[in-house]
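Structure file entry.tsv; described as TSV, C-alpha atoms.
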chain	number	residue	atom	x	y	z
A	1	MET	CA	6.39	27.95	-10.13
A	2	THR	CA	8.42	25.99	-7.57
A	3	GLU	CA	10.03	22.61	-8.02
A	4	ALA	CA	7.84	19.54	-7.97
A	5	LEU	CA	7.88	16.01	-6.63
A	6	VAL	CA	6.24	13.02	-8.32
A	7	SER	CA	4.86	10.15	-6.25
A	8	ILE	CA	3.94	6.74	-7.72
A	9	ASP	CA	1.85	3.97	-6.17
A	10	MET	CA	2.33	0.70	-8.08
A	11	GLY	CA	-0.35	-1.79	-7.06
A	12	GLY	CA	-1.53	-5.14	-8.30
A	13	SER	CA	-4.02	-3.71	-10.79
A	14	ALA	CA	-3.03	-0.09	-11.44
A	15	ALA	CA	-0.36	2.58	-11.12
A	16	ARG	CA	-1.40	5.90	-9.58
A	17	LEU	CA	0.76	8.98	-10.06
A	18	ALA	CA	0.60	12.39	-8.41
A	19	ILE	CA	2.63	15.56	-8.82
A	20	PHE	CA	3.06	17.87	-5.82
A	21	ASP	CA	4.32	21.40	-5.52
A	22	SER	CA	7.20	20.87	-3.07
A	23	GLY	CA	7.13	24.43	-1.78
A	24	ASN	CA	3.59	24.52	-0.40
A	25	MET	CA	3.01	20.74	-0.36
A	26	THR	CA	-0.10	20.87	-2.55
A	27	LEU	CA	-1.35	18.28	-5.01
A	28	GLU	CA	-1.25	19.65	-8.58
A	29	ASP	CA	-2.53	16.67	-10.56
A	30	SER	CA	-2.97	12.90	-10.42
A	31	VAL	CA	-3.36	10.13	-13.00
A	32	LYS	CA	-4.41	6.48	-12.78
A	33	ILE	CA	-3.02	3.94	-15.25
A	34	GLU	CA	-4.85	0.61	-15.40
A	35	LEU	CA	-2.43	-2.32	-15.54
A	36	GLY	CA	-3.79	-5.74	-16.38
A	37	ALA	CA	-2.23	-8.95	-15.14
A	38	GLU	CA	-0.68	-9.41	-18.60
A	39	THR	CA	0.95	-5.94	-18.71
A	40	GLU	CA	4.70	-6.22	-19.30
A	41	PRO	CA	6.91	-4.24	-16.90
A	42	LEU	CA	8.61	-2.24	-19.69
A	43	GLU	CA	5.18	-1.25	-21.01
A	44	ALA	CA	4.14	-0.04	-17.56
A	45	VAL	CA	7.37	1.95	-17.14
A	46	ALA	CA	6.88	3.54	-20.58
A	47	GLN	CA	3.35	4.67	-19.66
A	48	ILE	CA	4.55	6.15	-16.39
A	49	ALA	CA	7.45	7.92	-18.12
A	50	SER	CA	5.03	9.44	-20.62
A	51	VAL	CA	2.90	10.97	-17.85
A	52	ILE	CA	5.95	12.41	-16.09
A	53	ALA	CA	7.29	13.87	-19.35
A	54	SER	CA	3.92	15.53	-20.01
A	55	TRP	CA	3.84	17.05	-16.53
A	56	GLU	CA	7.37	18.39	-16.82
A	57	GLN	CA	6.65	19.89	-20.22
A	58	ASN	CA	3.57	21.74	-18.97
A	59	ARG	CA	5.01	23.33	-15.81
A	60	GLU	CA	7.69	25.94	-15.19
A	61	GLY	CA	9.47	24.37	-12.23
A	62	ALA	CA	11.45	21.15	-12.65
A	63	ILE	CA	10.60	17.79	-11.12
A	64	HIS	CA	13.40	17.26	-8.60
A	65	THR	CA	12.35	13.99	-6.95
A	66	VAL	CA	10.42	10.85	-7.89
A	67	ALA	CA	9.35	8.42	-5.15
A	68	ALA	CA	7.58	5.13	-5.88
A	69	GLY	CA	6.03	2.36	-3.82
A	70	LEU	CA	5.80	-1.18	-5.20
A	71	ALA	CA	3.44	-3.89	-3.99
A	72	GLY	CA	6.20	-6.42	-4.72
A	73	LEU	CA	9.45	-6.97	-2.82
A	74	HIS	CA	12.58	-5.43	-4.32
A	75	ASP	CA	16.26	-5.42	-3.41
A	76	ALA	CA	18.63	-2.52	-2.77
A	77	SER	CA	19.31	-2.11	-6.49
A	78	GLY	CA	15.61	-1.71	-7.25
A	79	THR	CA	15.23	-5.13	-8.87
A	80	ILE	CA	11.95	-6.90	-8.09
A	81	ILE	CA	12.63	-10.05	-6.05
A	82	THR	CA	9.11	-11.40	-5.85
A	83	TRP	CA	5.67	-10.01	-6.68
A	84	PRO	CA	3.01	-12.68	-5.97
A	85	ASN	CA	0.33	-10.82	-7.96
A	86	ARG	CA	2.74	-10.16	-10.87
A	87	PRO	CA	5.09	-13.18	-11.06
A	88	ALA	CA	6.18	-12.23	-14.60
A	89	TRP	CA	7.81	-9.12	-13.11
A	90	ASN	CA	10.11	-11.11	-10.81
A	91	GLY	CA	13.72	-10.24	-11.61
A	92	PHE	CA	12.81	-7.03	-13.45
A	93	PRO	CA	15.28	-4.15	-12.75
A	94	PHE	CA	12.57	-1.57	-12.04
A	95	ARG	CA	14.76	1.32	-10.89
A	96	GLU	CA	17.21	0.89	-13.77
A	97	ALA	CA	14.41	0.75	-16.35
A	98	PHE	CA	12.67	3.78	-14.84
A	99	THR	CA	15.84	5.90	-14.79
A	100	SER	CA	16.61	4.90	-18.37
A	101	ALA	CA	13.12	5.88	-19.52
A	102	THR	CA	12.84	9.17	-17.62
A	103	GLY	CA	16.41	10.30	-17.01
A	104	LYS	CA	15.52	10.75	-13.34
A	105	PRO	CA	16.71	8.95	-10.21
A	106	LEU	CA	14.08	7.01	-8.29
A	107	ILE	CA	13.55	6.60	-4.55
A	108	LEU	CA	11.94	3.18	-4.19
A	109	PHE	CA	9.86	1.84	-1.30
A	110	ASP	CA	7.30	-0.80	-0.38
A	111	ASP	CA	3.82	0.57	-1.14
A	112	ALA	CA	2.48	-0.14	2.36
A	113	ASN	CA	5.43	1.77	3.85
A	114	LEU	CA	4.62	4.78	1.68
A	115	ALA	CA	0.93	4.63	2.63
A	116	ALA	CA	1.80	4.37	6.32
A	117	MET	CA	4.04	7.44	6.13
A	118	GLY	CA	1.42	9.36	4.18
A	119	GLU	CA	-1.20	8.61	6.82
A	120	TYR	CA	1.21	9.36	9.68
A	121	ARG	CA	2.40	12.68	8.24
A	122	PHE	CA	-0.72	14.03	6.53
A	123	GLY	CA	-3.71	11.95	7.66
A	124	LEU	CA	-3.55	11.74	11.45
A	125	THR	CA	-4.67	14.69	13.56
A	126	TYR	CA	-1.77	14.03	15.98
A	127	PRO	CA	1.32	11.73	15.97
A	128	VAL	CA	0.68	8.13	17.06
A	129	ASN	CA	3.55	5.88	18.12
A	130	PRO	CA	3.57	3.05	17.33
A	131	LEU	CA	1.10	3.10	14.44
A	132	LEU	CA	0.17	-0.10	12.61
A	133	TYR	CA	-1.02	0.60	9.06
A	134	VAL	CA	-2.75	-2.16	7.07
A	135	VAL	CA	-3.50	-1.90	3.35
A	136	VAL	CA	-6.20	-4.10	1.77
A	137	GLY	CA	-6.42	-3.98	-2.00
A	138	THR	CA	-5.54	-6.44	-4.74
A	139	GLY	CA	-3.15	-7.81	-2.11
A	140	ILE	CA	-2.54	-7.18	1.59
A	141	GLY	CA	0.35	-5.38	3.22
A	142	SER	CA	1.20	-3.56	6.42
A	143	ALA	CA	3.76	-1.27	8.01
A	144	LEU	CA	4.71	-0.24	11.53
A	145	VAL	CA	5.58	3.41	12.12
A	146	LEU	CA	7.94	3.96	15.07
A	147	GLN	CA	8.92	7.48	16.13
A	148	GLY	CA	8.09	8.97	12.76
A	149	ASP	CA	9.66	6.35	10.49
A	150	VAL	CA	8.74	2.93	9.15
A	151	TYR	CA	10.35	-0.11	10.72
A	152	LYS	CA	11.90	-2.01	7.81
A	153	GLY	CA	13.44	-5.06	9.50
A	154	ALA	CA	16.86	-6.67	9.06
A	155	ARG	CA	16.33	-7.34	5.33
A	156	GLY	CA	13.97	-4.51	4.47
A	157	ALA	CA	11.07	-6.96	4.19
A	158	SER	CA	9.00	-6.32	7.31
A	159	GLY	CA	5.26	-5.78	7.18
A	160	GLU	CA	4.27	-8.71	4.98
A	161	LEU	CA	0.96	-9.25	6.77
A	162	GLY	CA	-0.52	-10.72	3.60
A	163	HIS	CA	1.90	-13.62	3.82
A	164	ILE	CA	1.40	-14.76	7.39
A	165	THR	CA	-0.10	-18.25	7.54
A	166	VAL	CA	-3.76	-18.38	8.56
A	167	ASP	CA	-4.40	-21.92	7.25
A	168	PRO	CA	-1.43	-24.34	7.56
A	169	ASN	CA	-3.30	-26.81	5.37
A	170	GLY	CA	-4.24	-24.18	2.82
A	171	GLU	CA	-3.28	-23.87	-0.81
A	172	ARG	CA	0.13	-22.78	-2.01
A	173	CYS	CA	0.70	-19.05	-2.42
A	174	PRO	CA	2.77	-17.55	-5.26
A	175	CYS	CA	5.15	-16.34	-2.52
A	176	GLY	CA	6.08	-19.99	-1.89
A	177	GLY	CA	4.20	-20.36	1.39
A	178	PHE	CA	0.93	-22.09	2.21
A	179	GLY	CA	-2.37	-20.71	3.47
A	180	CYS	CA	-1.30	-17.04	3.37
A	181	LEU	CA	-3.79	-14.40	4.52
A	182	GLN	CA	-3.64	-12.80	1.07
A	183	LEU	CA	-5.20	-15.96	-0.41
A	184	TYR	CA	-8.37	-15.41	1.64
A	185	ALA	CA	-8.77	-11.72	2.48
A	186	SER	CA	-7.48	-9.66	-0.45
A	187	GLY	CA	-9.59	-8.28	-3.28
A	188	ARG	CA	-8.18	-10.81	-5.73
A	189	ALA	CA	-8.90	-13.65	-3.29
A	190	ILE	CA	-12.52	-12.58	-2.90
A	191	GLU	CA	-12.91	-12.54	-6.70
A	192	ARG	CA	-11.35	-16.00	-7.02
A	193	MET	CA	-13.47	-17.59	-4.28
A	194	ALA	CA	-16.69	-16.10	-5.67
A	195	MET	CA	-15.94	-17.36	-9.18
A	196	ALA	CA	-15.14	-20.80	-7.79
A	197	ALA	CA	-18.55	-20.75	-6.07
A	198	GLY	CA	-20.22	-20.04	-9.41
A	199	LEU	CA	-21.31	-16.51	-8.61
A	200	PRO	CA	-21.87	-14.14	-11.59
A	201	VAL	CA	-19.01	-11.76	-10.75
A	202	THR	CA	-15.93	-10.28	-12.40
A	203	THR	CA	-14.59	-8.12	-9.56
A	204	ALA	CA	-14.45	-8.20	-5.76
A	205	GLY	CA	-16.81	-5.23	-5.78
A	206	ASP	CA	-19.45	-7.41	-7.40
A	207	VAL	CA	-19.18	-9.84	-4.47
A	208	PHE	CA	-19.67	-7.05	-1.91
A	209	ARG	CA	-22.71	-5.79	-3.80
A	210	LEU	CA	-24.22	-9.29	-4.05
A	211	SER	CA	-23.68	-9.72	-0.31
A	212	ALA	CA	-25.37	-6.40	0.42
A	213	HIS	CA	-28.38	-7.52	-1.64
A	214	GLY	CA	-28.79	-10.72	0.35
A	215	ASN	CA	-26.87	-13.33	-1.66
A	216	GLU	CA	-25.96	-15.92	0.99
A	217	ALA	CA	-22.93	-17.38	-0.82
A	218	ALA	CA	-21.44	-13.90	-1.28
A	219	ARG	CA	-22.21	-13.02	2.33
A	220	ILE	CA	-20.32	-16.09	3.60
A	221	ILE	CA	-17.29	-15.28	1.42
A	222	ILE	CA	-17.15	-11.71	2.72
A	223	HIS	CA	-17.75	-12.80	6.33
A	224	ASN	CA	-14.98	-15.42	6.26
A	225	SER	CA	-12.60	-13.05	4.49
A	226	LEU	CA	-13.11	-10.31	7.08
A	227	ARG	CA	-12.79	-12.79	9.96
A	228	LEU	CA	-9.39	-14.01	8.73
A	229	LEU	CA	-8.28	-10.44	8.13
A	230	ALA	CA	-9.28	-9.56	11.71
A	231	ILE	CA	-7.31	-12.57	13.01
A	232	GLY	CA	-4.23	-11.48	11.07
A	233	ILE	CA	-4.45	-7.89	12.34
A	234	ALA	CA	-5.11	-9.03	15.92
A	235	ASN	CA	-1.96	-11.19	15.79
A	236	ALA	CA	0.05	-8.17	14.61
A	237	VAL	CA	-1.43	-6.12	17.46
A	238	ARG	CA	-0.35	-8.80	19.92
A	239	LEU	CA	3.20	-8.67	18.56
A	240	PHE	CA	3.69	-4.91	18.22
A	241	ASP	CA	1.24	-3.41	20.75
A	242	PRO	CA	0.47	-0.29	18.66
A	243	VAL	CA	-1.43	2.68	20.01
A	244	SER	CA	-3.79	2.40	17.06
A	245	VAL	CA	-4.40	0.58	13.78
A	246	VAL	CA	-5.31	2.36	10.54
A	247	ILE	CA	-6.74	0.30	7.68
A	248	GLY	CA	-6.62	1.60	4.11
A	249	GLY	CA	-6.30	0.49	0.51
A	250	GLY	CA	-8.58	0.20	-2.48
A	251	MET	CA	-11.04	-2.29	-0.99
A	252	VAL	CA	-11.46	-0.24	2.18
A	253	SER	CA	-11.98	2.99	0.22
A	254	ARG	CA	-14.74	1.41	-1.85
A	255	PHE	CA	-16.56	-0.40	0.97
A	256	PRO	CA	-15.82	1.50	4.19
A	257	GLU	CA	-19.10	0.50	5.86
A	258	VAL	CA	-18.05	-3.17	5.68
A	259	TYR	CA	-14.50	-2.71	6.96
A	260	ARG	CA	-15.59	-0.55	9.90
A	261	SER	CA	-16.84	-3.75	11.52
A	262	LEU	CA	-13.23	-4.92	11.89
A	263	GLU	CA	-12.62	-2.90	15.06
A	264	LYS	CA	-15.17	-4.82	17.12
A	265	THR	CA	-14.05	-8.20	15.69
A	266	ILE	CA	-10.38	-7.48	16.39
A	267	GLN	CA	-11.17	-6.40	19.95
A	268	LEU	CA	-13.18	-9.60	20.53
A	269	ILE	CA	-10.29	-11.73	19.25
A	270	LEU	CA	-7.85	-9.94	21.58
A	271	GLY	CA	-10.03	-10.96	24.53
A	272	THR	CA	-8.69	-9.78	27.88
A	273	LEU	CA	-5.21	-8.84	26.67
A	274	PRO	CA	-3.99	-5.30	27.46
A	275	GLN	CA	-4.48	-4.39	23.77
A	276	LYS	CA	-8.16	-5.39	23.82
A	277	ASN	CA	-9.36	-1.80	23.36
A	278	VAL	CA	-6.90	-0.88	20.61
A	279	GLN	CA	-8.33	1.82	18.37
A	280	VAL	CA	-8.99	0.64	14.80
A	281	SER	CA	-9.94	3.26	12.22
A	282	LEU	CA	-10.11	3.67	8.46
A	283	SER	CA	-7.59	5.70	6.52
A	284	VAL	CA	-8.37	9.41	6.21
A	285	LEU	CA	-6.39	9.67	2.96
A	286	GLY	CA	-7.89	6.54	1.39
A	287	ASP	CA	-6.39	5.56	-1.96
A	288	ASP	CA	-4.14	8.63	-1.85
A	289	ALA	CA	-2.21	7.60	1.27
A	290	ALA	CA	0.76	6.14	-0.62
A	291	LEU	CA	0.92	9.20	-2.90
A	292	TRP	CA	1.15	11.53	0.10
A	293	GLY	CA	3.69	9.13	1.57
A	294	GLY	CA	5.84	9.70	-1.49
A	295	LEU	CA	5.73	13.42	-0.72
A	296	ALA	CA	6.65	12.78	2.93
A	297	TYR	CA	9.65	10.63	2.02
A	298	GLY	CA	10.68	12.87	-0.86
A	299	LEU	CA	10.77	15.94	1.39
A	300	GLN	CA	12.71	13.93	3.95
A	301	GLN	CA	15.33	12.95	1.38
A	302	VAL	CA	15.63	16.54	0.12
A	303	SER	CA	16.13	17.74	3.71
A	304	ILE	CA	18.86	15.15	4.32
A	305	LYS	CA	20.60	16.13	1.08
A	306	LYS	CA	20.55	19.82	2.02
A	307	GLN	CA	21.99	19.02	5.45
A	308	ARG	CA	24.81	17.01	3.88
A	309	ASN	CA	25.56	19.74	1.36
A	310	GLY	CA	25.61	22.28	4.18
A	311	ARG	CA	28.14	20.27	6.16
A	312	CYS	CA	30.32	19.78	3.09
A	313	SER	CA	30.43	23.52	2.42
A	314	GLN	CA	31.56	24.35	5.95

Once you've parsed the file, please lay out its structure as structure tokens.
Amino acid sequence: MTEALVSIDMGGSAARLAIFDSGNMTLEDSVKIELGAETEPLEAVAQIASVIASWEQNREGAIHTVAAGLAGLHDASGTIITWPNRPAWNGFPFREAFTSATGKPLILFDDANLAAMGEYRFGLTYPVNPLLYVVVGTGIGSALVLQGDVYKGARGASGELGHITVDPNGERCPCGGFGCLQLYASGRAIERMAMAAGLPVTTAGDVFRLSAHGNEAARIIIHNSLRLLAIGIANAVRLFDPVSVVIGGGMVSRFPEVYRSLEKTIQLILGTLPQKNVQVSLSVLGDDAALWGGLAYGLQQVSIKKQRNGRCSQ
């Protein structure tokens, strides 16, 4: 059996892990670990380490690379700077804790960047440049793929679509801003607004189902949420002028028929601008996009390492 690569997608409510055979780029197994809002970071790392240890024990080839995407911002050392949906994790040295628990180095990315690369490399039928990828789940993120790689910005913090201001008079966001898109269009926001309206729900999915069955209050929440999301995406299209937009994430995977309506709304908002007919589609890879992105980046890093080793031996 050939060497393997492990990919991790750390979201606001769960961690998803996948192990790939690096030789033929096939998915061997995947695991989902539910992480509540109260889950401590060391507990989450321990659960992830346990899964990786089990995989390594049960296969012949070694795990040579681990790539992970976090929904929170981190610095070059792998320490979490800010995670609006997990404020208790702020300041946690994620890479250091992971390496200590597993004995393996970790390639760390933003989760939206990983998902964008997964979609670009394994989801699209042909390369698209530029590609704007938007992820809608517990939170909201985005990434711009230019010439086969993600644009990261001067500080490595580009793509924070969830934290653009859509209501300057809105409530304060855990990120420190006011009226952020994530407060109105993410899964967690939909849950919060429905509960505040007195609806009998515990998850965002409950709100979508109530809306589909004719509940007017739920319908208005979903309508307003999607409208603000469309405004945010349209503004990003104005700025970056992508060839196409791909929308993915947990909410989109569960309710694709609702999010398909975004294309028409975005095009209406763009009006007569040159981007008015921008193609907007849903992710082909769905929830697995970030996991396949881990494979894409992992293979890229292995290739770079081999090239460096080859030059050194000459």

Report task. Compile the contact shell of Leu35 of chain A as a count of residues only: residues with an atom at most 12 Å away, counting all atoms listed in the file, same-chain residues fewer than 5 positions apart removed. Result -> 18

**Report entry** Option closest in space to Ala4 of chain A, from A:Glu216, A:Glu257, A:Asp241, A:Glu60 [counting all atoms listed in the file]
**Finding:** A:Glu60

Requested in this report: Counting all atoms listed in the file, note down every residue that has an atom within 12 Å of the point (-9.6, 0.5, 18.3) (file coordinates), as an NGL selection string.
Outcome: :A and (131-132 or 233-234 or 237 or 241-247 or 260-268 or 270 or 275-282)

May I have the selected residues written with C-alpha atoms, as a compact mmCIF listing (two decimals), keeping the file's coordinate frame?
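So part12.txt came out as:
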# COMPACT_ATOMS: atom_id res chain seq x y z
CA LEU A 131 1.10 3.10 14.44
CA LEU A 132 0.17 -0.10 12.61
CA ILE A 233 -4.45 -7.89 12.34
CA ALA A 234 -5.11 -9.03 15.92
CA VAL A 237 -1.43 -6.12 17.46
CA ASP A 241 1.24 -3.41 20.75
CA PRO A 242 0.47 -0.29 18.66
CA VAL A 243 -1.43 2.68 20.01
CA SER A 244 -3.79 2.40 17.06
CA VAL A 245 -4.40 0.58 13.78
CA VAL A 246 -5.31 2.36 10.54
CA ILE A 247 -6.74 0.30 7.68
CA ARG A 260 -15.59 -0.55 9.90
CA SER A 261 -16.84 -3.75 11.52
CA LEU A 262 -13.23 -4.92 11.89
CA GLU A 263 -12.62 -2.90 15.06
CA LYS A 264 -15.17 -4.82 17.12
CA THR A 265 -14.05 -8.20 15.69
CA ILE A 266 -10.38 -7.48 16.39
CA GLN A 267 -11.17 -6.40 19.95
CA LEU A 268 -13.18 -9.60 20.53
CA LEU A 270 -7.85 -9.94 21.58
CA GLN A 275 -4.48 -4.39 23.77
CA LYS A 276 -8.16 -5.39 23.82
CA ASN A 277 -9.36 -1.80 23.36
CA VAL A 278 -6.90 -0.88 20.61
CA GLN A 279 -8.33 1.82 18.37
CA VAL A 280 -8.99 0.64 14.80
CA SER A 281 -9.94 3.26 12.22
CA LEU A 282 -10.11 3.67 8.46

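The interatomic distance for the pair atom CA of Gly91 of chain A and atom CA of Gly36 of chain A works out to 18.7 Å.
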
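Minimum atom-to-atom distance to Leu226 of chain A, evaluated using only C-alpha atoms, belongs to A:Gly187 out of A:Gly23, A:Gly250, A:Gly187, A:Gly198.
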
Could you produce a table of the residues of segment 59-127 of chain A lying within 12 Å of segment 153-172 of chain A, with the nearest pair of atoms per residue and their separation in Å rounded to one decimal, using only C-alpha atoms, ordered by chain and increasing residue number, as CSV?
residue,atom,partner,partner_atom,distance
A:Ala71,CA,A:Glu160,CA,10.2
A:Gly72,CA,A:Glu160,CA,10.2
A:Leu73,CA,A:Ala157,CA,7.2
A:His74,CA,A:Ala157,CA,8.8
A:Asp75,CA,A:Gly156,CA,8.3
A:Ala76,CA,A:Gly156,CA,8.8
A:Ile81,CA,A:Ala157,CA,10.8
A:Thr82,CA,A:Ala157,CA,11.2
A:Trp83,CA,A:His163,CA,11.7
A:Pro84,CA,A:His163,CA,9.9
A:Asn85,CA,A:Gly162,CA,11.6
A:Leu108,CA,A:Gly156,CA,11.8
A:Phe109,CA,A:Gly156,CA,9.5
A:Asp110,CA,A:Ala157,CA,8.5
A:Asp111,CA,A:Gly159,CA,10.6
A:Ala112,CA,A:Gly159,CA,7.9
A:Asn113,CA,A:Gly159,CA,8.3
A:Leu114,CA,A:Gly159,CA,11.9
A:Ala116,CA,A:Gly159,CA,10.8
